[in-house]
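Enquirer: Sharing query.cif here; it has mmCIF, C-alpha atoms (C1' of nucleotides).
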data_data
#
loop_
_atom_site.label_atom_id
_atom_site.label_comp_id
_atom_site.auth_asym_id
_atom_site.auth_seq_id
_atom_site.Cartn_x
_atom_site.Cartn_y
_atom_site.Cartn_z
CA MET A 265 -1.70 29.83 16.88
CA SER A 266 -3.80 30.32 20.01
CA LYS A 267 -7.35 31.66 19.90
CA PRO A 268 -9.84 29.14 21.23
CA LEU A 269 -12.06 31.96 22.44
CA GLN A 270 -15.64 30.92 22.78
CA LYS A 271 -17.34 30.03 26.00
CA ARG A 272 -18.89 26.91 24.54
CA THR A 273 -15.54 25.59 23.37
CA LEU A 274 -13.91 25.93 26.73
CA ALA A 275 -16.90 24.38 28.46
CA THR A 276 -16.92 21.36 26.17
CA ARG A 277 -13.20 20.90 26.51
CA ALA A 278 -13.46 21.07 30.28
CA LYS A 279 -16.31 18.55 30.26
CA LEU A 280 -14.24 16.15 28.15
CA ILE A 281 -11.24 16.41 30.43
CA ALA A 282 -13.33 16.04 33.55
CA SER A 283 -15.11 13.00 32.13
CA ALA A 284 -11.83 11.39 31.18
CA GLU A 285 -10.39 12.00 34.62
CA LYS A 286 -13.45 10.54 36.25
CA ILE A 287 -13.26 7.41 34.14
CA ILE A 288 -9.52 7.09 34.72
CA SER A 289 -9.83 7.39 38.47
CA ALA A 290 -12.57 4.77 38.39
CA LYS A 291 -11.12 2.26 35.98
CA GLY A 292 -7.50 3.21 35.33
CA TYR A 293 -5.68 4.75 32.41
CA ALA A 294 -5.64 1.74 30.15
CA ALA A 295 -9.41 1.35 30.37
CA MET A 296 -10.18 4.84 29.13
CA ARG A 297 -12.26 4.71 25.93
CA VAL A 298 -13.04 7.75 23.83
CA GLU A 299 -16.59 6.50 23.43
CA ASP A 300 -17.06 6.36 27.18
CA VAL A 301 -15.60 9.82 27.60
CA VAL A 302 -17.96 11.43 25.11
CA ALA A 303 -20.93 9.52 26.50
CA GLN A 304 -20.07 10.73 29.99
CA ALA A 305 -19.58 14.27 28.70
CA GLY A 306 -22.81 14.16 26.72
CA VAL A 307 -21.29 15.09 23.37
CA ALA A 308 -20.81 13.32 20.06
CA LYS A 309 -17.70 11.38 19.23
CA GLY A 310 -16.64 13.79 16.54
CA THR A 311 -16.52 16.57 19.08
CA PHE A 312 -13.73 14.80 20.90
CA PHE A 313 -11.56 14.89 17.82
CA ALA A 314 -12.41 18.52 17.18
CA HIS A 315 -10.78 19.24 20.55
CA PHE A 316 -7.91 16.77 20.56
CA PRO A 317 -5.99 15.43 17.58
CA ASP A 318 -6.20 11.94 19.03
CA LYS A 319 -6.71 9.98 22.23
CA ASP A 320 -3.02 10.23 23.07
CA ALA A 321 -3.20 14.01 23.11
CA LEU A 322 -5.75 13.99 25.91
CA MET A 323 -3.73 11.39 27.74
CA ASP A 324 -0.64 13.55 27.32
CA LEU A 325 -2.55 16.40 28.93
CA ILE A 326 -3.86 14.43 31.89
CA VAL A 327 -0.74 12.40 32.57
CA GLY A 328 1.46 15.45 32.03
CA ALA A 329 -0.56 17.39 34.60
CA GLU A 330 -0.14 14.61 37.12
CA MET A 331 3.59 14.43 36.46
CA ASP A 332 3.82 18.16 36.94
CA LYS A 333 2.09 17.84 40.29
CA GLN A 334 4.68 15.27 41.32
CA LEU A 335 7.44 17.56 40.12
CA ASP A 336 6.13 20.33 42.32
CA GLN A 337 6.92 18.08 45.28
CA VAL A 338 10.37 17.46 43.90
CA ALA A 339 11.10 21.11 43.23
CA ALA A 340 10.17 22.02 46.78
CA LYS A 341 12.96 19.90 48.26
CA ALA A 342 16.35 21.26 49.22
CA PRO A 343 19.21 20.34 46.85
CA PRO A 344 20.39 16.84 47.79
CA GLN A 345 23.86 16.31 49.19
CA THR A 346 24.22 12.64 48.31
CA VAL A 347 23.11 10.29 45.56
CA ASP A 348 20.83 8.47 47.97
CA GLU A 349 19.22 11.71 48.92
CA LEU A 350 18.82 12.72 45.29
CA ILE A 351 17.05 9.46 44.53
CA GLU A 352 14.90 9.85 47.61
CA HIS A 353 13.88 13.28 46.37
CA ILE A 354 12.77 12.15 42.93
CA MET A 355 11.18 8.87 43.99
CA PRO A 356 7.59 10.20 44.10
CA PHE A 357 7.96 11.30 40.51
CA LEU A 358 9.55 8.01 39.48
CA ASN A 359 6.87 6.05 41.26
CA PHE A 360 4.17 7.82 39.34
CA VAL A 361 5.90 7.34 36.01
CA SER A 362 6.35 3.64 36.62
CA HIS A 363 3.20 2.83 38.54
CA ASP A 364 1.40 1.55 35.46
CA ARG A 365 2.55 -0.05 32.24
CA TYR A 366 0.18 1.93 30.06
CA THR A 367 1.25 5.32 31.36
CA PHE A 368 4.90 4.32 31.26
CA ASP A 369 4.65 3.53 27.56
CA LEU A 370 2.72 6.71 26.96
CA ILE A 371 5.27 8.80 28.81
CA ILE A 372 8.21 7.26 26.99
CA ARG A 373 6.50 7.86 23.68
CA HIS A 374 5.96 11.52 24.56
CA SER A 375 9.11 12.27 26.56
CA GLY A 376 11.14 14.54 24.36
CA ALA A 377 10.67 11.85 21.78
CA GLY A 378 7.62 13.77 20.66
CA ALA A 379 6.13 12.17 17.60
CA LYS A 380 4.34 15.41 16.90
CA GLU A 381 5.65 18.83 15.98
CA GLU A 382 5.09 20.61 19.25
CA PHE A 383 6.18 19.80 22.77
CA GLY A 384 3.30 18.32 24.69
CA PRO A 385 2.76 18.54 28.46
CA ILE A 386 4.75 15.38 29.16
CA ALA A 387 7.73 16.59 27.14
CA LEU A 388 7.60 19.94 28.93
CA THR A 389 7.61 18.16 32.26
CA PHE A 390 10.74 16.29 31.25
CA GLU A 391 12.37 19.57 30.33
CA ARG A 392 11.36 21.02 33.65
CA GLN A 393 12.87 18.08 35.44
CA ILE A 394 16.14 18.54 33.60
CA LYS A 395 16.25 22.12 34.85
CA ILE A 396 15.68 21.07 38.45
CA LEU A 397 18.27 18.33 38.29
CA THR A 398 20.77 20.58 36.55
CA THR A 399 20.59 23.10 39.38
CA TRP A 400 21.00 20.41 41.99
CA LEU A 401 23.96 18.91 40.21
CA ALA A 402 25.67 22.23 39.63
CA THR A 403 25.58 23.17 43.29
CA GLY A 404 25.87 19.83 45.07
CA PRO A 405 28.84 17.55 45.74
CA PHE A 406 28.76 15.77 42.39
CA ARG A 407 31.31 15.35 39.65
CA LYS A 408 32.31 18.62 38.02
CA ASP A 409 34.15 17.31 34.97
CA VAL A 410 30.88 16.99 33.06
CA ASP A 411 28.29 19.63 32.17
CA PRO A 412 25.52 19.42 34.79
CA GLN A 413 22.85 19.36 32.09
CA VAL A 414 24.51 16.31 30.56
CA LEU A 415 24.53 14.71 34.00
CA ALA A 416 20.84 15.49 34.36
CA GLU A 417 20.02 13.96 31.00
CA GLY A 418 21.97 10.91 32.06
CA ILE A 419 19.82 10.54 35.15
CA GLN A 420 16.75 10.42 32.93
CA ALA A 421 18.39 7.85 30.70
CA PHE A 422 19.18 5.67 33.70
CA TYR A 423 15.83 5.78 35.37
CA VAL A 424 14.06 5.03 32.12
CA GLN A 425 16.34 2.02 31.78
CA CYS A 426 15.51 0.97 35.35
CA MET A 427 11.80 1.27 34.75
CA ALA A 428 12.01 -0.73 31.56
CA MET A 429 13.70 -3.50 33.51
CA HIS A 430 11.18 -3.12 36.28
CA PHE A 431 8.39 -3.90 33.82
CA CYS A 432 10.26 -6.88 32.48
CA SER A 433 9.00 -10.09 34.00
CA ILE A 434 12.48 -11.62 34.14
CA ASN A 435 14.52 -8.61 35.23
CA LYS A 436 12.40 -7.63 38.23
CA GLU A 437 15.38 -8.06 40.54
CA PRO A 438 16.96 -6.04 41.97
CA PRO A 439 14.16 -3.54 42.68
CA MET A 440 14.22 -0.27 40.79
CA GLN A 441 15.57 1.94 43.54
CA ILE A 442 18.55 -0.32 44.24
CA ARG A 443 19.44 -0.60 40.60
CA LEU A 444 19.14 3.13 40.10
CA THR A 445 21.44 3.71 43.05
CA THR A 446 24.11 1.57 41.42
CA TYR A 447 23.85 3.48 38.17
CA LEU A 448 23.77 6.94 39.65
CA LYS A 449 26.66 6.39 42.04
CA ALA A 450 28.73 5.37 39.05
CA TRP A 451 27.42 8.28 37.00
CA LEU A 452 27.48 11.17 39.43
CA LEU A 453 30.53 10.45 41.56
CA ALA A 454 33.63 10.37 39.39
CA MET B 268 6.15 -25.93 25.89
CA SER B 269 7.42 -26.48 22.37
CA LYS B 270 5.76 -28.88 19.95
CA PRO B 271 4.64 -27.15 16.79
CA LEU B 272 5.15 -30.38 14.88
CA GLN B 273 3.11 -30.52 11.75
CA LYS B 274 4.35 -29.78 8.28
CA ARG B 275 1.32 -27.66 7.47
CA THR B 276 1.86 -25.48 10.51
CA LEU B 277 5.45 -24.69 9.65
CA ALA B 278 4.55 -24.01 6.04
CA THR B 279 1.78 -21.59 6.96
CA ARG B 280 3.97 -19.84 9.46
CA ALA B 281 6.72 -19.47 6.89
CA LYS B 282 4.26 -18.12 4.35
CA LEU B 283 3.00 -15.54 6.82
CA ILE B 284 6.49 -14.37 7.70
CA ALA B 285 7.55 -14.24 4.06
CA SER B 286 4.46 -12.27 3.11
CA ALA B 287 5.02 -9.81 5.92
CA GLU B 288 8.64 -9.32 4.94
CA LYS B 289 7.66 -8.74 1.34
CA ILE B 290 5.10 -6.12 2.31
CA ILE B 291 7.51 -4.46 4.71
CA SER B 292 10.28 -4.23 2.15
CA ALA B 293 7.80 -2.75 -0.31
CA LYS B 294 5.93 -0.33 1.91
CA GLY B 295 7.80 -0.08 5.21
CA TYR B 296 7.13 -1.37 8.70
CA ALA B 297 4.42 1.06 9.66
CA ALA B 298 2.33 0.18 6.61
CA MET B 299 2.15 -3.52 7.40
CA ARG B 300 -1.48 -4.64 7.85
CA VAL B 301 -2.46 -8.06 9.08
CA GLU B 302 -5.17 -8.20 6.44
CA ASP B 303 -2.63 -7.60 3.69
CA VAL B 304 -0.32 -10.23 5.09
CA VAL B 305 -2.98 -12.93 5.16
CA ALA B 306 -4.24 -11.96 1.72
CA GLN B 307 -0.70 -12.22 0.36
CA ALA B 308 -0.20 -15.53 2.14
CA GLY B 309 -3.54 -16.87 0.95
CA VAL B 310 -4.91 -17.74 4.37
CA ALA B 311 -7.74 -16.47 6.53
CA LYS B 312 -7.31 -13.75 9.09
CA GLY B 313 -7.93 -16.06 12.00
CA THR B 314 -4.99 -18.17 10.93
CA PHE B 315 -2.66 -15.29 11.60
CA PHE B 316 -3.75 -15.13 15.20
CA ALA B 317 -3.47 -18.87 15.58
CA HIS B 318 0.23 -18.45 14.80
CA PHE B 319 1.01 -15.16 16.55
CA PRO B 320 -0.63 -13.75 19.67
CA ASP B 321 -0.83 -10.36 18.00
CA LYS B 322 0.65 -8.23 15.25
CA ASP B 323 3.43 -7.05 17.52
CA ALA B 324 4.65 -10.61 18.00
CA LEU B 325 5.32 -11.01 14.29
CA MET B 326 6.96 -7.60 14.22
CA ASP B 327 9.09 -8.63 17.17
CA LEU B 328 10.21 -11.66 15.18
CA ILE B 329 11.04 -9.80 11.99
CA VAL B 330 12.63 -6.76 13.58
CA GLY B 331 14.48 -8.93 16.07
CA ALA B 332 15.95 -10.99 13.25
CA GLU B 333 17.14 -7.84 11.50
CA MET B 334 18.67 -6.53 14.70
CA ASP B 335 20.44 -9.83 15.18
CA LYS B 336 21.89 -9.59 11.71
CA GLN B 337 23.24 -6.15 12.57
CA LEU B 338 24.66 -7.54 15.80
CA ASP B 339 26.52 -10.20 13.87
CA GLN B 340 28.43 -7.38 12.22
CA VAL B 341 29.14 -5.85 15.61
CA ALA B 342 30.25 -9.11 17.19
CA ALA B 343 32.72 -9.67 14.37
CA LYS B 344 34.70 -6.53 15.21
CA ALA B 345 37.79 -6.50 17.38
CA PRO B 346 37.28 -5.05 20.89
CA PRO B 347 37.47 -1.26 20.61
CA GLN B 348 40.31 0.61 22.26
CA THR B 349 38.61 3.99 22.49
CA VAL B 350 35.11 5.36 23.01
CA ASP B 351 35.02 6.68 19.46
CA GLU B 352 35.94 3.29 18.16
CA LEU B 353 33.31 1.63 20.32
CA ILE B 354 30.64 3.92 18.95
CA GLU B 355 31.90 3.34 15.43
CA HIS B 356 31.53 -0.38 16.00
CA ILE B 357 27.94 -0.27 17.17
CA MET B 358 26.74 2.42 14.75
CA PRO B 359 25.27 -0.01 12.19
CA PHE B 360 23.13 -1.49 14.92
CA LEU B 361 22.12 1.92 16.23
CA ASN B 362 21.31 3.14 12.76
CA PHE B 363 18.94 0.27 12.22
CA VAL B 364 17.22 0.75 15.57
CA SER B 365 16.69 4.43 14.92
CA HIS B 366 16.10 4.43 11.18
CA ASP B 367 12.33 4.51 11.56
CA ARG B 368 10.02 5.85 14.21
CA TYR B 369 7.69 2.86 14.13
CA THR B 370 10.43 0.29 14.67
CA PHE B 371 12.06 2.43 17.33
CA ASP B 372 8.86 2.48 19.37
CA LEU B 373 8.39 -1.22 18.82
CA ILE B 374 11.93 -1.99 19.91
CA ILE B 375 11.68 0.14 23.03
CA ARG B 376 8.42 -1.54 23.93
CA HIS B 377 10.02 -4.97 23.58
CA SER B 378 13.55 -4.28 24.80
CA GLY B 379 13.80 -6.06 28.10
CA ALA B 380 10.68 -4.16 28.96
CA GLY B 381 8.77 -7.16 27.69
CA ALA B 382 5.07 -6.70 28.24
CA LYS B 383 4.67 -10.43 27.85
CA GLU B 384 5.89 -13.30 29.99
CA GLU B 385 8.64 -14.59 27.77
CA PHE B 386 11.61 -12.89 26.23
CA GLY B 387 10.94 -12.14 22.60
CA PRO B 388 13.56 -11.92 19.84
CA ILE B 389 14.14 -8.22 20.38
CA ALA B 390 14.70 -8.65 24.10
CA LEU B 391 17.09 -11.51 23.41
CA THR B 392 19.01 -9.31 21.01
CA PHE B 393 19.38 -6.70 23.71
CA GLU B 394 20.71 -9.34 26.05
CA ARG B 395 23.14 -10.48 23.43
CA GLN B 396 24.35 -6.95 22.96
CA ILE B 397 24.94 -6.58 26.67
CA LYS B 398 27.15 -9.64 26.55
CA ILE B 399 29.20 -8.30 23.66
CA LEU B 400 29.61 -4.90 25.27
CA THR B 401 30.45 -6.44 28.63
CA THR B 402 33.33 -8.38 27.12
CA TRP B 403 34.62 -5.31 25.34
CA LEU B 404 34.44 -3.21 28.46
CA ALA B 405 36.07 -5.82 30.66
CA THR B 406 39.12 -6.14 28.43
CA GLY B 407 39.49 -2.65 26.97
CA PRO B 408 40.91 0.58 28.43
CA PHE B 409 37.72 1.65 30.19
CA ARG B 410 36.94 2.46 33.79
CA LYS B 411 37.36 -0.50 36.10
CA ASP B 412 35.65 0.83 39.20
CA VAL B 413 32.26 -0.29 37.90
CA ASP B 414 31.03 -3.75 36.94
CA PRO B 415 31.39 -4.06 33.15
CA GLN B 416 27.83 -5.34 32.84
CA VAL B 417 26.56 -2.20 34.55
CA LEU B 418 28.65 -0.14 32.13
CA ALA B 419 27.12 -2.04 29.24
CA GLU B 420 23.58 -1.45 30.50
CA GLY B 421 24.47 2.20 30.80
CA ILE B 422 25.47 2.32 27.15
CA GLN B 423 22.05 1.04 26.23
CA ALA B 424 20.40 3.61 28.45
CA PHE B 425 22.39 6.38 26.80
CA TYR B 426 21.80 5.44 23.22
CA VAL B 427 18.09 5.01 23.83
CA GLN B 428 18.11 8.51 25.27
CA CYS B 429 19.98 9.78 22.21
CA MET B 430 17.54 8.15 19.84
CA ALA B 431 14.58 9.57 21.69
CA MET B 432 16.06 13.02 21.28
CA HIS B 433 16.86 12.27 17.67
CA PHE B 434 13.17 11.65 17.02
CA CYS B 435 12.20 14.81 18.81
CA SER B 436 11.54 17.60 16.36
CA ILE B 437 13.09 20.22 18.64
CA ASN B 438 16.09 18.32 19.99
CA LYS B 439 17.49 17.17 16.66
CA GLU B 440 20.78 18.96 17.37
CA PRO B 441 23.43 17.86 17.98
CA PRO B 442 23.24 14.71 15.82
CA MET B 443 22.94 11.38 17.58
CA GLN B 444 26.52 10.24 17.23
CA ILE B 445 27.97 13.45 18.67
CA ARG B 446 25.63 13.42 21.61
CA LEU B 447 26.33 9.78 22.30
CA THR B 448 30.05 10.49 22.26
CA THR B 449 29.60 13.11 24.97
CA TYR B 450 27.63 10.71 27.14
CA LEU B 451 29.88 7.72 26.70
CA LYS B 452 33.11 9.59 27.29
CA ALA B 453 31.67 10.75 30.58
CA TRP B 454 30.36 7.28 31.38
CA LEU B 455 33.20 5.02 30.34
CA LEU B 456 36.29 7.04 31.20
CA ALA B 457 36.34 7.80 34.91
"C1'" DT C 134 -8.72 -48.06 4.46
"C1'" DA C 135 -12.23 -46.57 7.29
"C1'" DG C 136 -12.80 -44.31 11.53
"C1'" DT C 137 -11.65 -41.04 15.17
"C1'" DG C 138 -9.85 -37.40 17.93
"C1'" DA C 139 -6.85 -33.51 17.88
"C1'" DA C 140 -5.00 -29.67 15.61
"C1'" DA C 141 -5.25 -26.21 11.99
"C1'" DT C 142 -8.10 -23.18 9.39
"C1'" DT C 143 -11.97 -20.31 8.37
"C1'" DG C 144 -14.62 -15.89 7.99
"C1'" DA C 145 -18.25 -13.42 9.98
"C1'" DC C 146 -18.24 -10.61 13.91
"C1'" DT C 147 -16.85 -7.21 17.68
"C1'" DG C 148 -14.50 -3.21 19.63
"C1'" DC C 149 -12.54 0.97 19.27
"C1'" DG C 150 -9.92 4.88 17.27
"C1'" DG C 151 -10.44 8.14 13.94
"C1'" DT C 152 -12.92 10.80 9.60
"C1'" DC C 153 -15.97 13.94 7.31
"C1'" DA C 154 -19.96 16.02 4.93
"C1'" DA C 155 -23.95 17.85 6.76
"C1'" DT C 156 -26.16 20.52 10.39
"C1'" DT C 157 -26.64 23.50 14.28
"C1'" DT C 158 -25.20 27.32 17.10
"C1'" DA C 159 -23.28 31.63 18.19
"C1'" DA C 160 -21.31 35.96 17.24
"C1'" DA C 161 -20.76 39.98 13.99
"C1'" DT C 162 -23.02 43.17 10.70
"C1'" DT C 163 -26.91 45.55 8.57
"C1'" DA D 31 -34.62 42.02 14.65
"C1'" DA D 32 -33.05 39.87 10.43
"C1'" DT D 33 -29.06 38.26 7.84
"C1'" DT D 34 -24.65 36.64 7.13
"C1'" DT D 35 -20.57 34.05 8.27
"C1'" DA D 36 -17.51 31.41 10.79
"C1'" DA D 37 -16.99 28.02 14.24
"C1'" DA D 38 -18.67 24.08 16.92
"C1'" DT D 39 -21.17 19.90 16.87
"C1'" DT D 40 -23.12 15.73 15.05
"C1'" DG D 41 -23.39 10.73 14.00
"C1'" DA D 42 -23.08 7.58 10.31
"C1'" DC D 43 -19.21 5.62 8.47
"C1'" DC D 44 -14.41 3.51 7.74
"C1'" DG D 45 -10.08 0.87 8.78
"C1'" DC D 46 -7.89 -2.39 11.16
"C1'" DA D 47 -6.62 -5.44 15.19
"C1'" DG D 48 -8.30 -9.18 17.43
"C1'" DT D 49 -12.15 -13.19 18.66
"C1'" DC D 50 -14.52 -17.52 18.32
"C1'" DA D 51 -17.82 -21.18 17.10
"C1'" DA D 52 -18.02 -23.95 13.23
"C1'" DT D 53 -15.55 -26.59 9.74
"C1'" DT D 54 -11.81 -28.87 7.45
"C1'" DT D 55 -7.54 -31.35 7.45
"C1'" DC D 56 -4.22 -34.26 9.32
"C1'" DA D 57 -2.08 -38.16 11.87
"C1'" DC D 58 -2.85 -42.17 14.18
"C1'" DT D 59 -5.10 -46.61 15.14
"C1'" DA D 60 -8.05 -50.70 14.54
#
Just dump the structure as C-alpha cells.
Expert:
Amino acid sequence: MSKPLQKRTLATRAKLIASAEKIISAKGYAAMRVEDVVAQAGVAKGTFFAHFPDKDALMDLIVGAEMDKQLDQVAAKAPPQTVDELIEHIMPFLNFVSHDRYTFDLIIRHSGAGAKEEFGPIALTFERQIKILTTWLATGPFRKDVDPQVLAEGIQAFYVQCMAMHFCSINKEPPMQIRLTTYLKAWLLA
Amino acid sequence: MSKPLQKRTLATRAKLIASAEKIISAKGYAAMRVEDVVAQAGVAKGTFFAHFPDKDALMDLIVGAEMDKQLDQVAAKAPPQTVDELIEHIMPFLNFVSHDRYTFDLIIRHSGAGAKEEFGPIALTFERQIKILTTWLATGPFRKDVDPQVLAEGIQAFYVQCMAMHFCSINKEPPMQIRLTTYLKAWLLA
DNA sequence: TAGTGAAATTGACTGCGGTCAATTTAAATT
DNA sequence: AATTTAAATTGACCGCAGTCAATTTCACTA
C-alpha cells in the first residue's frame, strides 16, 4: 500500500504542502483554496488531486501535524495530580483545536469519526491523546472504579462538548475552561 | 424580526419544503440538491435563497423537525429508574441522529454549536432534550452530587462520542448502545 | 381602477471542489 | 542510444452552492 517512490512525486507533494501552509499562515485555514495552492506551487489543478483524494485530506495532514506538535508539549508534562492541573496541561492542545471554527469542524469530522477507511493524521492524534490521558489517569489520584481508557475517552467527549458550546453564540458563558472544570471534576473524582 | 406576511411567500416556502422532503424520502438526505428542489417546486433557483440563507438552513429545518418528532416519543415515557432504562428511552432519538453520516455531521454542526447567530431547529431540539433529561435526572435514582443539568449535558457529550466512534470504520466495536451504557453507568451512578 | 412603492421572483453568472482523457516525463529494458 | 512501459502531470470540463441586477407581482392608496 505504500510505494510513492519517485523523486518528482515527493518534490511535488512537498511543494503542495508548503504552498498550502504558506497560504494558511497568511490568510487562515478557511481561506485556503485548492486553486491558490496549485498556482503557488506552479502545478496544474489535477496534480493536486493526484496527490490528495480531496482538499480535506491535505487539511487533515496539516492540521493533524499542528495538533501533534501541541501534543508533544502535553506529553512532556509530568502526570497531573489534580483536575485543575490536568486541564492546565492540556489547555494548549484545546486552545489550538478550538481557536478557529473551520478547523474545529474539520477536526470533529476527522476525529475517530473518520469518514474514510483509514485513520488520518487527526484521528491518530486523538488516539495518541487517549494514550497519554490513560497513563495519567491510571497513575494519578483519580477514580479507580472505571477503566482509565474509558475515563480518557470521557475527557474527549467533554471537551468537545465544551468547544461546541464555546462556538455557540448564545452559550458563550461560562468560558470553556470553567465549564470543562465542572465536567471533569464530576467525571474524574467519584 | 418576524413579518413574513404574504400568502405567496408562505405558499412558496411550503412548496420548497415539501419538494425537499419528497426528494429526501426518495433519495436520502445526502442526495438532496437545491437545483432539484427548485425544479420540483417549479420556482427559480434564486427563490430558494430568498427563503433560506443556505442549503443547510433548510436541512436544519427538516432534520430538526424529524428530531423533534422523535423527542415527542421520548418525552412521553415515564422517568427511567435505571441507566439501562434511560438509554432504552432515548434510543429512538439516538438511532435517528446516527442513522446516516450526512445527517449526523449536519446535526453536530448545528447542535448548540450554531455557526449562525440564532438558534436553529436542531439546536432548539438539543435544548429541549436537555430539559427532558434534567427532569428525569433530578427525580430518578441518579447521583445527586452534581447539578442535573450538568449530568444531562454530559449525556449528550457521551452519546455524541459514541456516535462518532460508531461512524469510525475501525472503532465499530463495541456497538453504540453497549458503549454508551458503560459511559453512562460511570457518569450517572456515583 | 389606475397608480405606486415594496416585496417576491427570476435566471444568467460566479466561485470553487473535483474529474478524466490526453500528454509528458522518467525509469527500465534491449 | 533507442524503445517500451508505467507513472506523473495537464487543463478543459462538470456539478452544485450561492449571488445579484433586472423584472414581475402584490397590497395599498388616491
Enquirer: Determine, for each residue of chain C having at least one atom at most 8 Å from an atom of region 32-53 of chain D, the closest pair of atoms and their separation in Å to one decimal, counting all atoms listed in the file; order by chain and ascending number, as a tab-separated table.
Expert:
residue	atom	partner	partner_atom	distance
C:DT143	C1'	D:DT53	C1'	7.4
C:DT147	C1'	D:DT49	C1'	7.7
C:DT152	C1'	D:DC44	C1'	7.7
C:DT156	C1'	D:DT40	C1'	7.3
C:DT157	C1'	D:DT39	C1'	7.0
C:DT158	C1'	D:DA38	C1'	7.3
C:DT162	C1'	D:DT34	C1'	7.6
C:DT163	C1'	D:DT33	C1'	7.6
Enquirer: Within 9 Å of chain A, which residues of chain B are there when counting only C-alpha atoms? Please give them as a ChimeraX atom specification.
Expert: /B:368,372,375-376,378-386,412-413,417-418,420-421,423-438,449-450,453-454,457
Enquirer: Between CA of Val304 (chain B) and CA of Leu373 (chain B), what is the distance, to one decimal in Å?
Expert: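 Interatomic distance, CA of Val304 (chain B) to CA of Leu373 (chain B): 18.6 Å.
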Enquirer: What are the residues of chain A lining chain C at 10 Å or less? Count all atoms listed in the file, and put the answer as a short mmCIF file (atom, residue, chain, number, x, y, z; two decimals) with C-alpha atoms, in the coordinates of the input.
Expert:
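Saved file part-v4.cif follows:
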data_model
loop_
_atom_site.label_atom_id
_atom_site.label_comp_id
_atom_site.auth_asym_id
_atom_site.auth_seq_id
_atom_site.Cartn_x
_atom_site.Cartn_y
_atom_site.Cartn_z
CA GLN A 270 -15.64 30.92 22.78
CA LYS A 271 -17.34 30.03 26.00
CA ARG A 272 -18.89 26.91 24.54
CA ARG A 297 -12.26 4.71 25.93
CA VAL A 298 -13.04 7.75 23.83
CA GLU A 299 -16.59 6.50 23.43
CA LYS A 309 -17.70 11.38 19.23
CA GLY A 310 -16.64 13.79 16.54
CA PHE A 313 -11.56 14.89 17.82
CA PRO A 317 -5.99 15.43 17.58
CA ASP A 318 -6.20 11.94 19.03
CA LYS A 319 -6.71 9.98 22.23
#
Enquirer: Could you please determine the separation between CA of Pro359 (chain B) and CA of Gln337 (chain B) in Å, to one decimal place?
Expert: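 Going from CA of Pro359 (chain B) over to CA of Gln337 (chain B), I get 6.5 Å.
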Enquirer: What does the distance from C1' of DC56 (chain D) to CA of Ala281 (chain B) come to in Å, to one decimal?
Expert: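 Spanning C1' of DC56 (chain D) to CA of Ala281 (chain B) is a straight-line distance of 18.6 Å.
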Enquirer: I need the residue nearest chain D from this list: B:Asp303, B:Asp367, B:Glu352, B:Asp327. Use all atoms listed in the file for the distance.
Expert: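 Residue with the minimum atom-to-atom distance to chain D: B:Asp303.
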Enquirer: To test your reading of the syntax: which residues would the PyMOL selection byres ((chain A) within 12 of (chain D)) return for the file shown? Reply as a ChimeraX atom specification.
Expert: /A:267-277,306-315
Enquirer: Step by step, work through what the PyMOL selection byres ((chain B and resi 297) around 9) selects in the shown file, and finish by giving those residues as a ChimeraX atom specification.
Expert: /B:291,294-296,298-300,367-370
Enquirer: Counting only C-alpha atoms (C1' of nucleotides), what is within 8 Å of Pro344 (chain A), bar same-chain residues fewer than 3 positions away, as a ChimeraX atom specification?
Expert: /A:347,349-350,353,400,404
